[in-house]
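The structure under discussion appears below in the form of structure tokens.
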Amino acid sequence: MSGPSDLVRIYGRAFAAACWLLVFGWFTLLVLVPQVTMVDQSLWRMEQPKDAAQLTLDIDRLYNDLSVMKLDRADAPADKQAALDARIAETQAAIREMETRETQPRKVYGPENYTRMSGLHAEIFLRTLAFAALTTLIALVVCYPIACAAAFAGKATTTAVILTALTIPYAINELLRTYAFLMVLDYRGVINTALSWIGIIDLDRDQAIPFLESQAAVFAGLVYAYVLFMVFPIYNALESLDKSQIEAARDLGASSLRTHWRVIIPHAKPGLAVGSIMVFMLSAGSYAVPRILSRGLGGDWFTQLIYRQFFDAHNWNIGSAYSVALLIACLVFVALVMKITRVGLKDMVR
Amino acid sequence: MSDRLSPAADLILKVYLALFFVYMFLPLIVMVIAAFNAFQYPALSPWKGFTLEWFPRLVEDERLMGGLATSILLGICVTAASVPLGLAGALIVARGTRRTSGLFYAMLVSPILMPGVVLGISTLVFWREVGISGGLFTAGAAQTSFIASYCMLMILARLARQDPVLEEAALDLGASPWFVFRRVTLPFLAPALGSAAVIAFLQSFENYNTTVFAIGSGYTLVTEIGARLRFGLTPAINALGVIFLLVTAVAAIGFAIANRRKPAA
Amino acid sequence: MRGHEIRLEQVCVRFGAVTAVEPTDLTIEAGEFFSILGPSGCGKTTLLRVVSGFLSPSEGRVLIGGRDLTATGPAERPTAMIFQSLALFPQMTVWENVAFGLEARGVDKATRKRRAEELLALVALAEHAGKRPSELSGGQRQRVAIARALAVEPAVLLLDEPLSALDLKLRQHMRAELKAIQRRTGVTFIYITHDQGEALAMSDRIAVMSKGRIEQVATPDGLYATPATPFVATFVGEQNVAEGTIAAIDSGIATLDTPLGRLSGRLIGKAAAGARARLMVRPERLHHAAHVAPTPNTLSAAFARRDLEGPVEMLVFDLDGAQWSIHRQNHGETPRTGPVELAFATEDAMVFAEATP
């Protein structure tokens, strides 16, 4: 169809223009331009000039010349002094110019911010992604039965109770949820306390098991903090399933497993896709969980690395590069999930 | 789960569900109990007796109270920006031609598909180039970039349920475009706008990952909590957790009851 | 009479390469109940949107009450539309819905309320003024939509299949009610439908549309008795059809050679001997040969089945490769099977020659 959009037709030109302006400002100023600036920032770095060593030699030579000239001037007759003064001033200007060149780094574009990611940093990057993927997988396996239990509870009250009970740990602040989990793993946490009661360890003699110093603590914390982001999308998808389809499958003699595989899971696909994307992105991009749950030599999470580049090392270029790397990894994951589940953007976010 | 499953499978599912709830709630319960332990480190043991002393500590803490004020201010600003942006986006997507609608939908949903830290960082980097360093403004801009997307989705869901000729009918009866918007579209969208505003405020108030990068030397309640959760743990944080948990539980249960009362219209 | 005359002059609507409405001339009299009848996708709703102003024609002019309103938007036209979905505002009460057009015009609340109550009395809904549309029945909602449209005192009311969501009984009741409201108000009604029963029952005149073109404009009786094209003949009412070649034409009577034998009927339009043509006989004009005066048009058939439709019955016969039927009063029993002679009068049959390419 041709002609103006319904927006113009219904609300008029002025209103439509206001909408366009707002959305244009939102997308460009808050999303697009910042992302582009970050990518740009990740592609350049300040570099000492390549000929710095030669420059230093040249400057030294000029300083020698200068002292010679100054000596000459002291001995020179009055009529030659003016000419020497001019040469001295000239040389001093040259030195100043070369000195600024020597110390002032130049802006150089190149992929080095990415390629110079050291072995350790690359390892942390890959470990972060691997742990995030594993967290997603665990969340899928753990949550599917929970979502089914809520969706197919039969009685509306049971569903409401299960959902409300799940909402409480889901909706409480991410930091406090993680902190609650810290209470389990801490040096004086639930597990260590339990062990001391049995008599295996003595807390007062510093025999606590340092769970927080292992990477597993962060991993367990991620699962605890983000597992519920899988339940609700799956439940939402299952809720719209016509329950008589399940009965029809049963009636036609399908086993429970086959009913899940052929009827329920295909219907839940948009929910599985959304849940996976949410859990992966939250885990890979989590700064809260590793910050709270890692101690000592437990090793860094990629987001902590980025934070340090920005606020400790003040190397915003490398920080931007790492941030872009994280963004790309997440977008690749989104594309992958959409391709595997054949779920479009519009089906996902409903 | 009861009438379709064999008794054995039903029992397994129930046990599984119970275990899952224990897993989800046990840490929270421990956090709550420790808030009332007189021991100066947040733990269940040694139990030094029941106390309420950690709660007044919160009110006396100027940084926490300052953070709370900042969070509320930031939340209001982000809500005030996000709801109109989300509304404009939803109207463009819902009322555009088929081609522009798909394109704008993808563009405006994209912030949700990016990690929060990346949104915070890109905002920080961009505004520094313009000469504005990290602070409340950049934190608000970074939060708005994706919270407006959530608002848009909520408003879109409501718009999808509107009779598409409702507004045409109003125009046909002689209403001006602005009158149509004010008298027909806006009242219809009002519930969605209300919930979008609530969600926007909560998202802003609760946000950590984006804010901690974008806010520079400033702080909100949540980033202040984040700063304290690594070193110098005190049961005061547990007391704060108890308050958060109470508010969350009351809201969740209240919402559930309100939802049940409402007939499925 | 409050109604306005409507004239479409060479109105044509194209969407890209697709032509939805071919260039059309049409005049609708002031105060007329005018229906546009056609199958879905024939362009009737597009034509209505042109009249209402929601759609600008690609070419041509729209005159309402003698004024050229081609470039005028829906809000400024003296027309009001009743939508298929009714489009009642769900968050307003019934009287607020009815008064909406007045509110948009800045009429004060007391006047609005009084006027809404008058109109609700007109459609017998006075006691429901304070309810929401969702609390009303389908027929009541229908009447709210009519009252809402009438509140802006339109000269022309445009109705887009407004009865299609109602059940059969209610639909028949609403036909009478719509007709009565139209008579009482004198407003010009343009009624869009794909249901010939509705069009025949209510209209002063009917335009039959097919594939973006108006095939015929006539009174309901004229349309039924003397269809101008084969499409109108088959779309309005039912027909028994035989195809064949014209053997002779004599003073408006064409004789065809068909697989069913040599048959004659009134020739509609022009044709020459040798042309392919279709002969059509309405089921109520077909009889047992024994019951009518002798006629050259007789057919050998075998009785196949009887479909009872209450007061009338449909007898279906197998002919040589075709099925024809008789529509007659209910005789209360199923005839015996076996060979039978059928006949029809020459003046009861119509012959349409196929358009020569």
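Residue numbers start at 1 in each chain; chains themselves are named A, B, ... in the order of the structure tokens; ligands are numbered from 1 in the order shown.
The environment of region 283-293 of chain C within 8 Å, counting only C-alpha atoms and disregarding residues fewer than 2 places along the same chain, consists of Glu238, Gln239, Asn240, Val281, Thr295, Thr298, Trp324, Ser325, Ile326, His327, Arg328, Val340, Glu341, Leu342, Ala343, Phe344, Ala345 and Asp348 of chain C.
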Expected file: the selected residues, C-alpha atoms, as a CSV table (one decimal), in the first residue's frame:
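Result file follows (out.csv):
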chain,number,residue,atom,x,y,z
C,238,GLU,CA,-29.9,-19.0,-8.1
C,239,GLN,CA,-29.9,-20.2,-11.7
C,240,ASN,CA,-30.1,-23.5,-13.6
C,281,VAL,CA,-33.6,-20.4,-15.6
C,295,THR,CA,-43.7,-25.2,-24.2
C,298,THR,CA,-38.7,-29.6,-22.2
C,324,TRP,CA,-31.0,-28.6,-12.3
C,325,SER,CA,-33.4,-27.8,-9.5
C,326,ILE,CA,-37.0,-26.8,-8.9
C,327,HIS,CA,-37.8,-24.4,-6.1
C,328,ARG,CA,-41.5,-24.7,-5.0
C,340,VAL,CA,-39.6,-37.2,-15.4
C,341,GLU,CA,-40.2,-34.4,-17.9
C,342,LEU,CA,-39.3,-30.7,-16.9
C,343,ALA,CA,-40.3,-27.6,-18.7
C,344,PHE,CA,-40.1,-23.8,-18.6
C,345,ALA,CA,-41.6,-20.9,-20.5
C,348,ASP,CA,-38.7,-17.2,-18.1
Contacts of Lys48 (chain B) within 8 Å, only C-alpha atoms, excl. fewer than 4 positions in-chain, as an MDAnalysis selection string: chainID B and resid 37:39
Interface rows for chain C against chain B: nearest pair, Å to one decimal, 8 Å, only C-alpha atoms, as a tab-separated table:
residue	atom	partner	partner_atom	distance
C:Ser52	CA	B:Asp172	CA	7.6
C:Pro74	CA	B:Asp172	CA	5.1
C:Ala75	CA	B:Gly174	CA	3.9
C:Glu76	CA	B:Gly174	CA	6.4
C:Thr79	CA	B:Asp172	CA	7.6
C:Ala80	CA	B:Asp172	CA	6.0
C:Met81	CA	B:Asp172	CA	6.7
C:Ile82	CA	B:Ala169	CA	7.9
C:Phe83	CA	B:Ala169	CA	7.5
C:Ser85	CA	B:Asp163	CA	7.8
C:Ala87	CA	B:Leu166	CA	4.8
C:Leu88	CA	B:Leu166	CA	7.0
C:Phe89	CA	B:Leu166	CA	6.8
C:Pro90	CA	B:Phe188	CA	7.9
C:Gln91	CA	B:Phe188	CA	6.8
C:Phe100	CA	B:Leu173	CA	7.4
C:Gly101	CA	B:Leu173	CA	4.8
C:Ala104	CA	B:Ala175	CA	4.8
C:Arg105	CA	B:Gly174	CA	7.1
C:Ala149	CA	B:Leu173	CA	7.0
C:Val152	CA	B:Leu173	CA	6.7
Can you write just those residues out, N, CA and C atoms, as a JSON list (two decimals), in the first residue's frame?
[["chain", "number", "residue", "atom", "x", "y", "z"],
["C", 52, "SER", "N", -16.17, 7.95, 2.35],
["C", 52, "SER", "CA", -16.00, 8.43, 3.72],
["C", 52, "SER", "C", -14.83, 9.40, 3.84],
["C", 74, "PRO", "N", -12.03, 12.82, 6.36],
["C", 74, "PRO", "CA", -13.26, 12.21, 6.89],
["C", 74, "PRO", "C", -13.93, 13.08, 7.96],
["C", 75, "ALA", "N", -13.11, 13.83, 8.72],
["C", 75, "ALA", "CA", -13.68, 14.60, 9.82],
["C", 75, "ALA", "C", -14.58, 15.71, 9.29],
["C", 76, "GLU", "N", -14.24, 16.28, 8.12],
["C", 76, "GLU", "CA", -14.99, 17.43, 7.61],
["C", 76, "GLU", "C", -16.13, 17.03, 6.68],
["C", 79, "THR", "N", -20.45, 12.88, 6.38],
["C", 79, "THR", "CA", -20.73, 11.45, 6.38],
["C", 79, "THR", "C", -20.37, 10.88, 7.73],
["C", 80, "ALA", "N", -21.01, 9.77, 8.12],
["C", 80, "ALA", "CA", -20.60, 9.04, 9.31],
["C", 80, "ALA", "C", -20.60, 7.57, 8.96],
["C", 81, "MET", "N", -19.66, 6.86, 9.56],
["C", 81, "MET", "CA", -19.44, 5.47, 9.15],
["C", 81, "MET", "C", -19.81, 4.55, 10.30],
["C", 82, "ILE", "N", -20.41, 3.41, 9.95],
["C", 82, "ILE", "CA", -20.61, 2.35, 10.95],
["C", 82, "ILE", "C", -19.72, 1.19, 10.52],
["C", 83, "PHE", "N", -18.77, 0.86, 11.39],
["C", 83, "PHE", "CA", -17.74, -0.09, 11.00],
["C", 83, "PHE", "C", -18.21, -1.52, 11.23],
["C", 85, "SER", "N", -16.65, -3.82, 12.74],
["C", 85, "SER", "CA", -16.42, -4.21, 14.13],
["C", 85, "SER", "C", -17.15, -3.26, 15.08],
["C", 87, "ALA", "N", -16.46, -0.61, 16.33],
["C", 87, "ALA", "CA", -15.48, 0.35, 16.83],
["C", 87, "ALA", "C", -16.04, 1.24, 17.93],
["C", 88, "LEU", "N", -16.80, 0.64, 18.85],
["C", 88, "LEU", "CA", -17.24, 1.42, 20.03],
["C", 88, "LEU", "C", -16.04, 1.62, 20.93],
["C", 89, "PHE", "N", -15.98, 2.78, 21.61],
["C", 89, "PHE", "CA", -14.84, 3.05, 22.49],
["C", 89, "PHE", "C", -15.05, 2.31, 23.80],
["C", 90, "PRO", "N", -14.17, 1.32, 24.10],
["C", 90, "PRO", "CA", -14.45, 0.42, 25.22],
["C", 90, "PRO", "C", -14.40, 1.11, 26.58],
["C", 91, "GLN", "N", -13.59, 2.18, 26.70],
["C", 91, "GLN", "CA", -13.44, 2.76, 28.04],
["C", 91, "GLN", "C", -14.43, 3.89, 28.29],
["C", 100, "PHE", "N", -19.73, 11.32, 21.56],
["C", 100, "PHE", "CA", -18.33, 11.59, 21.23],
["C", 100, "PHE", "C", -18.16, 12.64, 20.14],
["C", 101, "GLY", "N", -18.96, 12.51, 19.08],
["C", 101, "GLY", "CA", -18.83, 13.44, 17.96],
["C", 101, "GLY", "C", -19.14, 14.87, 18.40],
["C", 104, "ALA", "N", -16.23, 16.18, 20.43],
["C", 104, "ALA", "CA", -15.13, 16.59, 19.55],
["C", 104, "ALA", "C", -15.40, 17.96, 18.94],
["C", 105, "ARG", "N", -16.69, 18.31, 18.84],
["C", 105, "ARG", "CA", -17.04, 19.62, 18.28],
["C", 105, "ARG", "C", -17.15, 20.68, 19.35],
["C", 149, "ALA", "N", -23.33, 7.36, 15.32],
["C", 149, "ALA", "CA", -23.13, 7.95, 13.99],
["C", 149, "ALA", "C", -24.17, 9.03, 13.72],
["C", 152, "VAL", "N", -23.89, 13.01, 15.08],
["C", 152, "VAL", "CA", -23.21, 14.12, 14.40],
["C", 152, "VAL", "C", -24.06, 14.66, 13.25]]
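Across the structure, CA of Gln203 (chain B) and CA of Phe15 (chain A) are spaced 28.4 Å apart.
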Quick check: residues of chain B within 7 Å of chain A, only C-alpha atoms, returned as a ChimeraX atom specification. /B:1,17,24,27-28,30-31,43,45,85,88-89,92,95-97,108,114-118,122-123,125-126,141-142,145,157,167-168,177-178,181,206,209,226,229-230,241,244-245,248-249,252-253,256
For the residues in that selection, give me N, CA and C atoms as a short mmCIF file (atom, residue, chain, number, x, y, z; two decimals), in the first residue's frame.
data_model
loop_
_atom_site.label_atom_id
_atom_site.label_comp_id
_atom_site.auth_asym_id
_atom_site.auth_seq_id
_atom_site.Cartn_x
_atom_site.Cartn_y
_atom_site.Cartn_z
N MET B 1 -0.52 -30.99 36.74
CA MET B 1 0.47 -32.06 36.87
C MET B 1 -0.15 -33.29 37.52
N LEU B 17 10.20 -29.89 42.72
CA LEU B 17 9.72 -28.52 42.91
C LEU B 17 10.09 -28.04 44.32
N MET B 24 16.13 -21.95 46.18
CA MET B 24 15.94 -20.53 45.93
C MET B 24 15.80 -19.74 47.23
N PRO B 27 19.10 -19.42 50.90
CA PRO B 27 20.04 -18.30 51.08
C PRO B 27 19.34 -17.04 51.57
N LEU B 28 18.12 -16.80 51.06
CA LEU B 28 17.41 -15.59 51.47
C LEU B 28 17.05 -15.67 52.95
N VAL B 30 18.62 -17.37 55.27
CA VAL B 30 19.85 -17.19 56.05
C VAL B 30 20.19 -15.70 56.16
N MET B 31 20.04 -15.01 55.02
CA MET B 31 20.34 -13.57 55.03
C MET B 31 19.43 -12.85 56.04
N ALA B 43 26.62 -13.51 59.84
CA ALA B 43 26.69 -14.97 59.86
C ALA B 43 25.68 -15.50 60.86
N SER B 45 26.46 -18.11 62.81
CA SER B 45 27.22 -18.61 63.95
C SER B 45 28.52 -17.81 64.08
N LEU B 85 9.32 8.03 25.27
CA LEU B 85 10.09 7.44 24.18
C LEU B 85 9.49 6.10 23.78
N ALA B 88 6.29 6.73 21.84
CA ALA B 88 6.55 7.18 20.47
C ALA B 88 7.01 6.00 19.62
N GLY B 89 7.92 5.18 20.17
CA GLY B 89 8.41 4.02 19.44
C GLY B 89 7.28 3.05 19.13
N ILE B 92 5.06 4.33 16.36
CA ILE B 92 5.70 4.24 15.04
C ILE B 92 5.70 2.79 14.56
N ARG B 95 1.84 1.71 13.99
CA ARG B 95 1.06 2.45 13.01
C ARG B 95 1.86 2.78 11.75
N GLY B 96 3.04 2.22 11.63
CA GLY B 96 3.85 2.52 10.45
C GLY B 96 3.47 1.61 9.30
N THR B 97 4.10 1.83 8.14
CA THR B 97 3.92 0.90 7.04
C THR B 97 4.69 -0.37 7.37
N LEU B 108 14.77 -0.58 17.81
CA LEU B 108 14.43 -0.11 19.15
C LEU B 108 14.45 -1.23 20.19
N MET B 114 21.64 -6.25 24.25
CA MET B 114 23.06 -5.95 24.53
C MET B 114 23.29 -6.08 26.03
N PRO B 115 24.50 -6.55 26.42
CA PRO B 115 24.79 -6.63 27.85
C PRO B 115 24.74 -5.25 28.49
N GLY B 116 24.24 -5.19 29.71
CA GLY B 116 24.10 -3.91 30.39
C GLY B 116 25.40 -3.16 30.53
N VAL B 117 26.49 -3.88 30.79
CA VAL B 117 27.77 -3.18 30.98
C VAL B 117 28.17 -2.45 29.70
N VAL B 118 27.86 -3.07 28.55
CA VAL B 118 28.24 -2.45 27.27
C VAL B 118 27.47 -1.14 27.08
N SER B 122 29.44 2.35 26.60
CA SER B 122 29.33 3.15 25.38
C SER B 122 28.80 4.55 25.71
N THR B 123 27.88 4.61 26.65
CA THR B 123 27.35 5.93 27.04
C THR B 123 28.45 6.79 27.67
N VAL B 125 31.69 6.55 27.26
CA VAL B 125 32.70 6.91 26.26
C VAL B 125 32.20 8.04 25.37
N PHE B 126 30.92 7.92 24.92
CA PHE B 126 30.39 8.92 24.00
C PHE B 126 30.29 10.29 24.66
N ALA B 141 21.10 8.44 30.99
CA ALA B 141 21.07 8.19 29.55
C ALA B 141 21.24 6.71 29.26
N ALA B 142 22.20 6.08 29.95
CA ALA B 142 22.45 4.66 29.70
C ALA B 142 21.25 3.82 30.11
N SER B 145 18.32 4.19 27.63
CA SER B 145 18.50 3.56 26.32
C SER B 145 17.81 2.21 26.26
N ALA B 157 2.25 -4.29 23.27
CA ALA B 157 1.37 -5.41 23.58
C ALA B 157 -0.06 -4.93 23.76
N GLU B 167 -9.67 4.35 16.06
CA GLU B 167 -9.26 5.74 15.87
C GLU B 167 -9.86 6.32 14.60
N GLU B 168 -10.02 5.47 13.58
CA GLU B 168 -10.68 5.93 12.35
C GLU B 168 -12.11 6.35 12.67
N PRO B 177 -7.04 15.17 15.18
CA PRO B 177 -6.04 14.15 15.53
C PRO B 177 -5.65 14.21 17.00
N TRP B 178 -5.44 15.40 17.52
CA TRP B 178 -5.01 15.51 18.91
C TRP B 178 -6.11 15.03 19.86
N PHE B 181 -6.14 11.31 19.93
CA PHE B 181 -5.06 10.78 20.77
C PHE B 181 -5.42 10.90 22.25
N GLU B 206 16.79 -0.53 40.50
CA GLU B 206 17.49 -1.78 40.79
C GLU B 206 18.76 -1.94 39.99
N ASN B 209 24.55 -3.20 36.83
CA ASN B 209 25.60 -3.43 35.83
C ASN B 209 25.82 -2.24 34.89
N GLY B 226 26.73 -2.24 46.21
CA GLY B 226 27.74 -3.00 45.47
C GLY B 226 29.14 -2.70 45.98
N LEU B 229 29.75 -4.63 49.28
CA LEU B 229 29.56 -6.07 49.39
C LEU B 229 30.86 -6.85 49.24
N ARG B 230 31.96 -6.17 49.02
CA ARG B 230 33.19 -6.91 48.84
C ARG B 230 34.06 -6.85 50.09
N GLY B 241 18.76 -5.98 53.18
CA GLY B 241 18.21 -7.10 52.43
C GLY B 241 16.82 -7.47 52.93
N PHE B 244 14.38 -4.93 51.52
CA PHE B 244 14.15 -5.20 50.09
C PHE B 244 13.26 -6.42 49.92
N LEU B 245 13.55 -7.47 50.68
CA LEU B 245 12.80 -8.71 50.54
C LEU B 245 11.34 -8.50 50.92
N THR B 248 9.62 -6.52 48.19
CA THR B 248 9.42 -7.37 47.02
C THR B 248 8.29 -8.36 47.26
N ALA B 249 8.29 -9.00 48.44
CA ALA B 249 7.28 -10.02 48.72
C ALA B 249 5.89 -9.39 48.77
N ALA B 252 4.86 -8.60 45.23
CA ALA B 252 4.55 -9.79 44.44
C ALA B 252 3.22 -10.39 44.86
N ILE B 253 3.00 -10.50 46.17
CA ILE B 253 1.75 -11.11 46.64
C ILE B 253 0.57 -10.19 46.34
N ALA B 256 -0.27 -10.52 42.74
CA ALA B 256 -0.94 -11.79 42.46
C ALA B 256 -2.41 -11.72 42.87
#
